[in-house]
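K.L.:
Below is protein-v9.txt; it holds compact mmCIF, C-alpha atoms.
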# COMPACT_ATOMS: atom_id res chain seq x y z
CA MET A 106 -8.14 58.92 98.23
CA LYS A 107 -4.94 57.13 99.04
CA ILE A 108 -3.99 55.33 95.82
CA ALA A 109 -1.39 52.69 94.94
CA ILE A 110 -0.50 51.19 91.55
CA VAL A 111 0.63 47.59 91.08
CA HIS A 112 2.47 46.15 88.06
CA ASP A 113 3.78 42.63 87.34
CA TYR A 114 7.46 43.56 87.35
CA LEU A 115 9.86 46.10 85.86
CA ASN A 116 12.32 44.51 83.46
CA GLU A 117 12.20 45.32 79.73
CA ALA A 118 10.04 48.15 78.41
CA GLY A 119 7.01 47.32 76.29
CA GLY A 120 3.39 48.24 75.70
CA ALA A 121 2.30 47.32 79.24
CA GLU A 122 4.97 49.60 80.67
CA ARG A 123 3.82 52.48 78.46
CA VAL A 124 0.31 52.04 79.86
CA LEU A 125 1.76 51.96 83.37
CA ARG A 126 3.56 55.24 82.61
CA VAL A 127 0.25 56.88 81.68
CA LEU A 128 -1.44 55.57 84.82
CA ALA A 129 1.48 56.92 86.86
CA ASP A 130 1.08 60.32 85.19
CA MET A 131 -2.66 60.29 85.92
CA TYR A 132 -2.03 59.58 89.63
CA PRO A 133 1.31 61.31 90.30
CA THR A 134 1.39 60.70 94.06
CA ALA A 135 0.63 56.97 93.85
CA PRO A 136 3.60 54.69 94.63
CA ILE A 137 4.19 51.72 92.33
CA TYR A 138 4.45 48.22 93.80
CA THR A 139 5.85 45.32 91.81
CA ALA A 140 7.25 41.79 92.23
CA PHE A 141 10.81 42.81 91.35
CA ILE A 142 12.76 45.61 89.67
CA LYS A 143 15.75 45.02 87.39
CA ASN A 144 18.06 47.78 86.18
CA GLY A 145 16.75 47.76 82.62
CA THR A 146 14.75 49.75 80.13
CA ALA A 147 11.52 49.52 82.15
CA ARG A 148 13.03 50.89 85.35
CA ALA A 149 14.49 53.80 83.40
CA MET A 150 10.93 54.90 82.56
CA PHE A 151 10.08 55.44 86.24
CA THR A 152 13.09 57.17 87.79
CA ASP A 153 10.76 59.93 88.97
CA ARG A 154 8.44 57.61 90.90
CA GLU A 155 8.39 55.92 94.29
CA LEU A 156 8.97 52.23 93.56
CA HIS A 157 8.55 49.24 95.89
CA GLU A 158 9.41 45.64 95.12
CA SER A 159 8.26 42.55 97.01
CA SER A 160 10.41 40.95 99.70
CA TRP A 161 11.21 38.27 97.13
CA GLY A 162 12.67 40.76 94.68
CA TRP A 163 16.30 40.10 95.67
CA ILE A 164 16.18 36.56 94.28
CA LEU A 165 13.66 37.04 91.46
CA LYS A 166 15.87 39.55 89.65
CA ARG A 167 18.88 37.23 89.51
CA GLY A 168 19.27 36.25 85.87
CA ARG A 169 16.01 34.66 84.67
CA LEU A 170 15.07 33.11 88.02
CA TYR A 171 11.82 35.08 87.94
CA SER A 172 10.64 32.82 85.13
CA TYR A 173 11.44 29.58 86.96
CA LEU A 174 10.13 30.72 90.35
CA ARG A 175 6.58 31.51 89.24
CA PHE A 176 5.29 28.76 91.51
CA LEU A 177 6.03 31.22 94.35
CA LEU A 178 3.51 33.79 93.07
CA PRO A 179 1.00 33.36 95.94
CA TRP A 180 3.77 34.12 98.46
CA ILE A 181 5.40 36.85 96.34
CA TRP A 182 2.19 38.89 96.12
CA GLY A 183 1.09 37.90 99.62
CA SER A 184 4.19 39.65 100.95
CA ILE A 185 2.87 43.04 99.75
CA ASP A 186 0.50 44.77 102.19
CA LEU A 187 -1.68 47.45 100.56
CA SER A 188 -4.33 47.57 103.28
CA PRO A 189 -3.70 51.29 104.06
CA TYR A 190 -4.85 52.27 100.55
CA ASP A 191 -8.37 53.25 99.50
CA LEU A 192 -7.80 52.34 95.85
CA VAL A 193 -5.39 49.93 94.19
CA ILE A 194 -5.01 49.99 90.41
CA THR A 195 -3.30 46.83 89.25
CA SER A 196 -1.82 46.69 85.76
CA THR A 197 -1.39 43.03 84.89
CA SER A 198 0.15 41.84 81.65
CA GLY A 199 -0.19 38.15 82.41
CA GLY A 200 3.45 37.45 83.06
CA TYR A 201 3.18 37.62 86.83
CA ILE A 202 -0.58 37.96 87.50
CA ALA A 203 -0.17 41.05 89.79
CA ARG A 204 -2.88 40.02 92.24
CA GLY A 205 -3.12 38.34 95.64
CA PHE A 206 -1.64 41.27 97.60
CA LYS A 207 -3.15 42.16 100.96
CA VAL A 208 -5.84 44.85 101.00
CA GLY A 209 -8.10 46.40 103.63
CA GLU A 210 -11.82 45.74 104.03
CA LYS A 211 -12.67 48.99 102.27
CA THR A 212 -9.91 48.90 99.64
CA ARG A 213 -11.25 48.96 96.10
CA VAL A 214 -9.23 47.04 93.50
CA VAL A 215 -9.42 47.98 89.80
CA ALA A 216 -7.56 45.65 87.43
CA TYR A 217 -6.44 46.88 84.01
CA CYS A 218 -5.72 43.62 82.25
CA HIS A 219 -3.57 43.17 79.14
CA THR A 220 -4.29 39.43 79.26
CA PRO A 221 -4.72 36.56 81.70
CA PRO A 222 -1.43 34.62 81.91
CA LYS A 223 -1.00 32.84 78.58
CA TRP A 224 1.51 30.39 79.98
CA LEU A 225 -1.18 29.02 82.32
CA TYR A 226 -3.89 28.53 79.70
CA GLY A 227 -2.25 26.93 76.69
CA TYR A 228 -1.47 29.97 74.54
CA GLU A 229 1.80 30.25 72.65
CA THR A 230 4.36 32.12 74.76
CA PRO A 231 7.54 34.04 73.88
CA THR A 232 9.85 31.31 75.20
CA GLY A 233 7.85 28.40 73.75
CA ALA A 234 8.29 26.67 77.13
CA ALA A 235 5.00 24.76 76.86
CA ASN A 236 6.50 22.80 73.95
CA LYS A 237 9.58 21.72 75.93
CA TRP A 238 9.76 18.84 78.38
CA TRP A 239 10.62 21.03 81.35
CA GLY A 240 7.81 23.44 80.49
CA ARG A 241 5.30 20.61 80.28
CA LEU A 242 6.57 19.26 83.60
CA PHE A 243 6.30 22.69 85.23
CA ASN A 244 2.69 23.12 84.04
CA TYR A 245 1.80 19.57 85.11
CA VAL A 246 3.11 20.08 88.64
CA PHE A 247 2.40 23.76 89.28
CA GLY A 248 -0.33 24.57 86.75
CA PRO A 249 -3.34 23.46 88.86
CA PRO A 250 -2.42 25.35 92.07
CA LEU A 251 -1.40 28.45 90.11
CA ARG A 252 -4.65 28.43 88.10
CA TYR A 253 -6.50 28.16 91.41
CA PHE A 254 -4.55 31.15 92.77
CA ASP A 255 -5.20 33.06 89.55
CA TYR A 256 -8.95 32.39 89.72
CA VAL A 257 -9.39 33.08 93.44
CA SER A 258 -7.37 36.31 93.33
CA ALA A 259 -9.42 37.39 90.29
CA GLN A 260 -12.59 37.25 92.39
CA ARG A 261 -11.10 39.77 94.81
CA VAL A 262 -10.99 42.41 92.08
CA ASN A 263 -13.89 44.86 92.30
CA THR A 264 -13.70 46.17 88.73
CA TRP A 265 -12.17 44.51 85.68
CA VAL A 266 -11.01 46.56 82.71
CA ALA A 267 -9.72 44.81 79.56
CA ASN A 268 -7.46 46.37 76.93
CA SER A 269 -9.50 44.81 74.10
CA ASN A 270 -12.63 42.78 73.42
CA GLU A 271 -10.32 39.82 72.82
CA VAL A 272 -9.01 40.06 76.38
CA ALA A 273 -12.49 40.69 77.81
CA ILE A 274 -13.53 37.33 76.33
CA ARG A 275 -10.54 35.66 78.02
CA ILE A 276 -11.43 37.27 81.37
CA LYS A 277 -14.99 35.95 81.05
CA LYS A 278 -13.74 32.48 80.06
CA PHE A 279 -11.11 32.01 82.78
CA TYR A 280 -12.44 34.16 85.65
CA ARG A 281 -16.20 34.24 84.99
CA ARG A 282 -16.08 38.02 85.35
CA GLU A 283 -17.38 40.78 83.10
CA ALA A 284 -14.89 43.42 82.01
CA GLN A 285 -15.26 46.88 80.55
CA VAL A 286 -13.08 47.52 77.51
CA VAL A 287 -10.76 50.53 77.47
CA TYR A 288 -8.23 50.51 74.67
CA PRO A 289 -4.63 51.39 75.64
CA PRO A 290 -3.49 55.01 75.28
CA ILE A 291 -1.75 55.71 71.98
CA GLU A 292 0.43 58.78 71.74
CA VAL A 293 1.48 59.93 68.29
CA LYS A 294 4.13 62.54 68.99
CA GLY A 295 4.34 63.70 65.39
CA LYS A 296 2.41 63.40 62.16
CA SER A 297 3.19 62.34 58.65
CA LYS A 298 3.81 65.47 56.61
CA LYS A 299 1.35 66.35 53.89
CA GLY A 300 2.56 65.09 50.54
CA GLN A 301 5.33 63.06 52.18
CA GLU A 302 6.32 60.15 49.97
CA LYS A 303 6.62 56.72 51.51
CA ARG A 304 9.97 55.01 51.11
CA ASP A 305 10.55 51.47 49.92
CA TYR A 306 10.90 49.65 53.27
CA TYR A 307 8.53 47.82 55.57
CA LEU A 308 8.78 48.23 59.34
CA LEU A 309 8.50 45.83 62.27
CA VAL A 310 8.59 47.17 65.84
CA THR A 311 8.44 44.65 68.66
CA ARG A 312 10.22 43.09 71.59
CA ILE A 313 12.26 40.45 69.81
CA THR A 314 11.03 37.25 71.36
CA GLY A 315 8.98 34.22 70.42
CA ALA A 316 5.34 34.32 69.26
CA LYS A 317 5.84 37.80 67.78
CA GLY A 318 6.26 36.75 64.15
CA VAL A 319 9.83 38.06 63.98
CA VAL A 320 11.47 35.01 62.41
CA GLU A 321 8.60 34.64 59.93
CA SER A 322 8.97 38.28 58.89
CA LEU A 323 12.72 37.88 58.43
CA ASN A 324 12.23 34.75 56.33
CA ALA A 325 9.66 36.52 54.15
CA ALA A 326 11.96 39.51 53.63
CA ARG A 327 14.84 37.22 52.70
CA LYS A 328 12.80 35.23 50.19
CA GLY A 329 10.72 38.12 48.84
CA GLY A 330 13.60 40.57 48.61
CA PHE A 331 11.72 43.48 50.15
CA LYS A 332 13.49 45.85 52.54
CA LEU A 333 12.65 45.42 56.22
CA LYS A 334 13.69 47.60 59.15
CA LEU A 335 13.49 45.87 62.53
CA VAL A 336 13.22 47.90 65.74
CA GLY A 337 13.20 46.45 69.24
CA GLU A 338 15.13 44.98 72.11
CA ILE A 339 16.35 41.39 71.74
CA ILE A 340 14.79 39.62 74.73
CA GLU A 341 15.29 36.02 73.66
CA LYS A 342 18.99 35.51 72.93
CA ARG A 343 18.14 32.45 70.83
CA LEU A 344 16.73 34.83 68.20
CA GLU A 345 19.89 36.93 67.99
CA ASN A 346 21.38 34.56 65.41
CA SER A 347 18.24 34.79 63.25
CA VAL A 348 18.47 38.59 63.28
CA ASN A 349 22.19 38.61 62.47
CA LYS A 350 21.72 36.23 59.54
CA ALA A 351 18.58 37.85 58.17
CA GLY A 352 20.23 39.09 54.98
CA LYS A 353 21.40 42.37 53.49
CA ASN A 354 17.86 43.66 52.87
CA VAL A 355 17.07 43.52 56.62
CA GLU A 356 18.33 46.32 58.84
CA TYR A 357 18.27 45.77 62.60
CA LEU A 358 18.14 49.09 64.47
CA GLY A 359 17.73 47.94 68.07
CA ARG A 360 16.07 50.43 70.40
CA VAL A 361 15.60 53.91 68.96
CA SER A 362 14.47 57.27 70.34
CA ASP A 363 10.84 58.37 70.10
CA ARG A 364 11.81 60.91 67.45
CA GLU A 365 13.59 58.29 65.32
CA LEU A 366 10.70 55.87 65.74
CA GLY A 367 8.25 58.52 64.58
CA GLU A 368 10.28 59.09 61.43
CA LEU A 369 10.46 55.35 60.78
CA TYR A 370 6.67 55.04 61.16
CA ALA A 371 6.02 58.04 58.91
CA ASN A 372 8.37 56.95 56.12
CA ALA A 373 7.55 53.23 56.05
CA ARG A 374 5.72 51.79 53.07
CA GLY A 375 3.88 49.49 55.45
CA PHE A 376 3.98 48.01 58.93
CA ILE A 377 4.14 44.27 59.65
CA ALA A 378 2.33 42.71 62.64
CA LEU A 379 2.32 38.91 62.84
CA ALA A 380 2.11 38.13 66.56
CA GLN A 381 -0.11 35.16 67.40
CA ASP A 382 -3.06 35.90 69.72
CA GLU A 383 -1.91 39.49 70.25
CA ASP A 384 -3.77 41.07 73.16
CA PHE A 385 -4.13 44.47 71.49
CA GLY A 386 -1.03 45.60 69.58
CA MET A 387 -0.14 49.22 70.35
CA THR A 388 2.52 49.53 67.66
CA VAL A 389 -0.08 48.78 64.99
CA VAL A 390 -2.12 51.81 66.00
CA GLU A 391 1.01 53.94 66.37
CA ALA A 392 1.95 53.12 62.77
CA MET A 393 -1.55 54.03 61.57
CA GLY A 394 -1.25 57.29 63.47
CA TYR A 395 1.42 58.25 60.94
CA GLY A 396 -0.77 57.22 58.01
CA THR A 397 1.07 53.92 57.48
CA PRO A 398 -1.01 50.87 56.46
CA VAL A 399 -0.57 47.53 58.23
CA ILE A 400 -0.26 43.92 57.17
CA ALA A 401 -1.52 41.91 60.14
CA LEU A 402 -2.20 38.31 61.09
CA ARG A 403 -5.95 37.78 61.47
CA SER A 404 -5.65 36.97 65.16
CA GLY A 405 -6.30 38.47 68.59
CA GLY A 406 -6.57 42.21 69.05
CA TYR A 407 -5.50 42.96 65.48
CA LYS A 408 -9.05 42.11 64.43
CA GLU A 409 -10.19 45.17 66.40
CA THR A 410 -7.51 47.63 65.33
CA VAL A 411 -7.10 46.88 61.61
CA LYS A 412 -9.87 47.67 59.11
CA GLU A 413 -9.48 45.48 56.04
CA GLY A 414 -8.82 47.52 52.92
CA VAL A 415 -8.98 50.82 54.83
CA THR A 416 -6.06 50.74 57.27
CA GLY A 417 -4.40 47.53 56.14
CA HIS A 418 -4.73 43.95 54.97
CA PHE A 419 -4.96 40.68 56.89
CA VAL A 420 -3.03 37.48 56.25
CA GLU A 421 -4.40 34.14 57.43
CA SER A 422 -1.10 32.57 58.53
CA THR A 423 2.58 33.34 59.00
CA LYS A 424 3.71 31.10 56.15
CA VAL A 425 6.21 32.88 53.92
CA GLU A 426 4.05 32.66 50.78
CA GLU A 427 1.04 34.04 52.67
CA ILE A 428 3.09 36.99 53.95
CA LEU A 429 4.49 37.71 50.50
CA SER A 430 0.98 37.54 49.02
CA GLY A 431 -0.06 40.13 51.61
CA ILE A 432 2.92 42.33 50.72
CA ARG A 433 1.98 42.23 47.02
CA LYS A 434 -1.62 43.11 47.89
CA MET A 435 -0.41 46.01 50.06
CA ASP A 436 1.75 47.36 47.24
CA LYS A 437 -1.16 47.32 44.79
CA THR A 438 -3.59 49.13 47.12
CA LYS A 439 -3.99 52.89 46.97
CA TRP A 440 -4.12 53.99 50.58
CA ASP A 441 -5.88 57.06 51.94
CA LYS A 442 -3.46 58.40 54.54
CA ALA A 443 -6.07 60.72 56.07
CA LYS A 444 -8.50 57.84 56.69
CA ILE A 445 -5.80 55.74 58.29
CA MET A 446 -4.80 58.57 60.64
CA SER A 447 -8.42 59.35 61.45
CA TRP A 448 -9.04 55.77 62.54
CA ALA A 449 -5.93 55.78 64.73
CA SER A 450 -7.18 58.89 66.53
CA GLU A 451 -9.98 56.75 68.01
CA PHE A 452 -7.33 55.26 70.32
CA ASP A 453 -5.93 58.57 71.57
CA ARG A 454 -4.49 58.83 75.08
CA SER A 455 -7.07 61.44 76.10
CA LYS A 456 -9.87 58.91 75.54
CA PHE A 457 -8.08 56.35 77.69
CA GLU A 458 -7.68 58.82 80.55
CA GLU A 459 -11.28 59.96 80.28
CA LYS A 460 -12.65 56.41 80.44
CA ILE A 461 -10.36 55.29 83.26
CA LYS A 462 -11.33 58.31 85.38
CA GLU A 463 -14.99 57.62 84.64
CA ILE A 464 -14.60 54.02 85.86
CA ILE A 465 -12.63 54.98 88.96
CA GLY A 466 -14.89 57.93 89.68
CA ASN A 467 -12.38 60.74 90.08
Please re-express this file's structure in structure tokens.

P.N.:
Amino acid sequence: MKIAIVHDYLNEAGGAERVLRVLADMYPTAPIYTAFIKNGTARAMFTDRELHESSWGWILKRGRLYSYLRFLLPWIWGSIDLSPYDLVITSTSGGYIARGFKVGEKTRVVAYCHTPPKWLYGYETPTGAANKWWGRLFNYVFGPPLRYFDYVSAQRVNTWVANSNEVAIRIKKFYRREAQVVYPPIEVKGKSKKGQEKRDYYLLVTRITGAKGVVESLNAARKGGFKLKLVGEIIEKRLENSVNKAGKNVEYLGRVSDRELGELYANARGFIALAQDEDFGMTVVEAMGYGTPVIALRSGGYKETVKEGVTGHFVESTKVEEILSGIRKMDKTKWDKAKIMSWASEFDRSKFEEKIKEIIGN
């Protein structure tokens, strides 16, 4: 078969881009099509692949214009002609929909969905735009036609695959389509050494942007006095000041190598995950792969990946006192590292590849 892969866009690297990397490895001759490509951490992951951006890419990648020009999505994707391909695998993370491209009569489209676009359906977003006057105006003017485009293009997908049951429910709600659930591929490149003692810090790994619980975690660390190591790329510059003023017990490490990240996971006393309505949460499972328990907000995909009292504890809100109560509970619990690692193995990359190939049929 002649196969193509589609992705929203290539800008900063995150969980969706790691899934895209695995799909690219599974189908090494498939070119990757996307709305635009910026010279950033995401592009660096695909230097070995044939990349194509839409004819609108030249303007979309100027500053943050891609965010303000979303009303052009029907034309952006309509400019990409994939009719020569037998199979198109589209990896959509919700930011840019990644559908509406041209296909042939016999082209089969398989959509691996991280989430329908949250900014279109009232979910909290990284920028918090829906709470600002210009964001409300944008959604009032462009929301209806873009939701129509989102729905109609969703009906042109032959097979829907969701990255969690949480997202499968959203696909059913907004598109009236059933989706098979295939959890994202988790690769644990190393393992926690037997008898290795945990150190006295908690770890947070995320793209530093809104709706990820970063500020709440920093506030809790400042008030509670526990050590926190923060790993991730600062996407929203407005949060840079919060990170810089977090206090002496917070250490910001920025982006780190896979080897360094593995050591941080393995040595951490616990992992913090407070994102609201998280689609899945790959870093949570990565942490558990090193035998590290998790404190997670009882929301979204975390409810599928965290087992209360076995691999971590839930908190009911991101209020500072609630987080600190969770930290105290974590510190009092005697964790079984082997059980935590065993549970994480259920999300192994090999299982992802096996299920995707089964769905696609080759």

K.L.:
I'd like the contact shell of range 433-438 of chain A - 8 Å cut-off, all atoms listed in the file, skipping same-chain residues fewer than 3 positions apart - returned as a PyMOL selection string.

P.N.:
chain A and resi 375+400+414+417-418+429-430

K.L.:
For Asn144 in chain A, which residue out of A:Leu115, A:Met387, A:Ile291, A:Ile108 is the nearest one, using all atoms listed in the file?

P.N.:
A:Leu115

K.L.:
For Glu451 in chain A, which residue among A:Tyr201, A:Tyr288, A:Phe247, A:Phe176 is the nearest when counting all atoms listed in the file?

P.N.:
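Result for the nearest residue to Glu451 in chain A: A:Tyr288.
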
K.L.:
Could you state the separation of CA of Asp130 in chain A and CA of Tyr114 in chain A in Å, given to one decimal place?

P.N.:
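Computed distance, CA of Asp130 in chain A to CA of Tyr114 in chain A, equals 18.1 Å.
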
K.L.:
To one decimal place in Å, what is the distance between CA of Gly183 in chain A and CA of Ala121 in chain A?

P.N.:
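If I compute the distance from CA of Gly183 in chain A to CA of Ala121 in chain A, I get 22.5 Å.
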
K.L.:
Name the residues in contact with Arg252 in chain A at a cut-off of 12 Å, using all atoms listed in the file, excluding same-chain residues fewer than 6 positions from it; report them as a PDB file with C-alpha atoms, keeping the file's coordinate frame.

P.N.:
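Saved to selection14.pdb:
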ATOM      1  CA  ARG A 175       6.580  31.510  89.240  1.00  0.00           C
ATOM      2  CA  PHE A 176       5.290  28.760  91.510  1.00  0.00           C
ATOM      3  CA  LEU A 178       3.510  33.790  93.070  1.00  0.00           C
ATOM      4  CA  PRO A 179       1.000  33.360  95.940  1.00  0.00           C
ATOM      5  CA  ILE A 202      -0.580  37.960  87.500  1.00  0.00           C
ATOM      6  CA  PRO A 221      -4.720  36.560  81.700  1.00  0.00           C
ATOM      7  CA  PRO A 222      -1.430  34.620  81.910  1.00  0.00           C
ATOM      8  CA  LYS A 223      -1.000  32.840  78.580  1.00  0.00           C
ATOM      9  CA  TRP A 224       1.510  30.390  79.980  1.00  0.00           C
ATOM     10  CA  LEU A 225      -1.180  29.020  82.320  1.00  0.00           C
ATOM     11  CA  TYR A 226      -3.890  28.530  79.700  1.00  0.00           C
ATOM     12  CA  GLY A 227      -2.250  26.930  76.690  1.00  0.00           C
ATOM     13  CA  ASN A 244       2.690  23.120  84.040  1.00  0.00           C
ATOM     14  CA  TYR A 245       1.800  19.570  85.110  1.00  0.00           C
ATOM     15  CA  VAL A 246       3.110  20.080  88.640  1.00  0.00           C
ATOM     16  CA  SER A 258      -7.370  36.310  93.330  1.00  0.00           C
ATOM     17  CA  ALA A 259      -9.420  37.390  90.290  1.00  0.00           C
ATOM     18  CA  PHE A 279     -11.110  32.010  82.780  1.00  0.00           C
ATOM     19  CA  TYR A 280     -12.440  34.160  85.650  1.00  0.00           C
TER      20      TYR A 280
END

K.L.:
Quote the spacing between CA of Leu174 in chain A and CA of His157 in chain A in Å to one decimal place.

P.N.:
19.4 Å

K.L.:
For Glu409 in chain A, work out the shell of residues within 10 Å, counting all atoms listed in the file and skipping chain neighbours fewer than 2 positions away, then give it as number ranges by chain.

P.N.:
A: 269-271, 385-386, 403-407, 411-412

K.L.:
Only C-alpha atoms, please: the residues just picked out, written as a PDB file, in the coordinates of the input.

P.N.:
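Final output, saved to result_8.pdb:
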ATOM      1  CA  SER A 269      -9.500  44.810  74.100  1.00  0.00           C
ATOM      2  CA  ASN A 270     -12.630  42.780  73.420  1.00  0.00           C
ATOM      3  CA  GLU A 271     -10.320  39.820  72.820  1.00  0.00           C
ATOM      4  CA  PHE A 385      -4.130  44.470  71.490  1.00  0.00           C
ATOM      5  CA  GLY A 386      -1.030  45.600  69.580  1.00  0.00           C
ATOM      6  CA  ARG A 403      -5.950  37.780  61.470  1.00  0.00           C
ATOM      7  CA  SER A 404      -5.650  36.970  65.160  1.00  0.00           C
ATOM      8  CA  GLY A 405      -6.300  38.470  68.590  1.00  0.00           C
ATOM      9  CA  GLY A 406      -6.570  42.210  69.050  1.00  0.00           C
ATOM     10  CA  TYR A 407      -5.500  42.960  65.480  1.00  0.00           C
ATOM     11  CA  VAL A 411      -7.100  46.880  61.610  1.00  0.00           C
ATOM     12  CA  LYS A 412      -9.870  47.670  59.110  1.00  0.00           C
TER      13      LYS A 412
END

K.L.:
Nearest residue to Ala216 in chain A out of A:Ile181, A:Val420, A:Val266, A:Ile110, using only C-alpha atoms?

P.N.:
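Once distances to Ala216 in chain A are computed over only C-alpha atoms, the minimum belongs to A:Val266.
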
K.L.:
Nearest to Ser160 in chain A: which of A:Leu251, A:Val262, A:Leu177, A:Val320 is it, counting only C-alpha atoms?

P.N.:
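Of A:Leu251, A:Val262, A:Leu177, A:Val320, the one nearest Ser160 in chain A, counting only C-alpha atoms, is A:Leu177.
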
K.L.:
In terms of the shortest atom-to-atom distance over only C-alpha atoms, which of A:Leu358, A:Ile428, A:Leu308, A:Ala140 is closest to Ala371 in chain A?

P.N.:
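That would be A:Leu308, the residue with the smallest distance to Ala371 in chain A.
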
K.L.:
May I have the residues within 9 Å of Glu391 in chain A as number ranges by chain, using all atoms listed in the file and disregarding those fewer than 4 positions away in the same chain?

P.N.:
A: 291-293, 367, 370, 387, 395, 397, 449

K.L.:
Considering all atoms listed in the file, state which residue in the set A:Phe141, A:Ala149, A:Ala373, A:Thr220 is at the smallest distance from Ile185 in chain A.

P.N.:
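Residue with the minimum atom-to-atom distance to Ile185 in chain A: A:Phe141.
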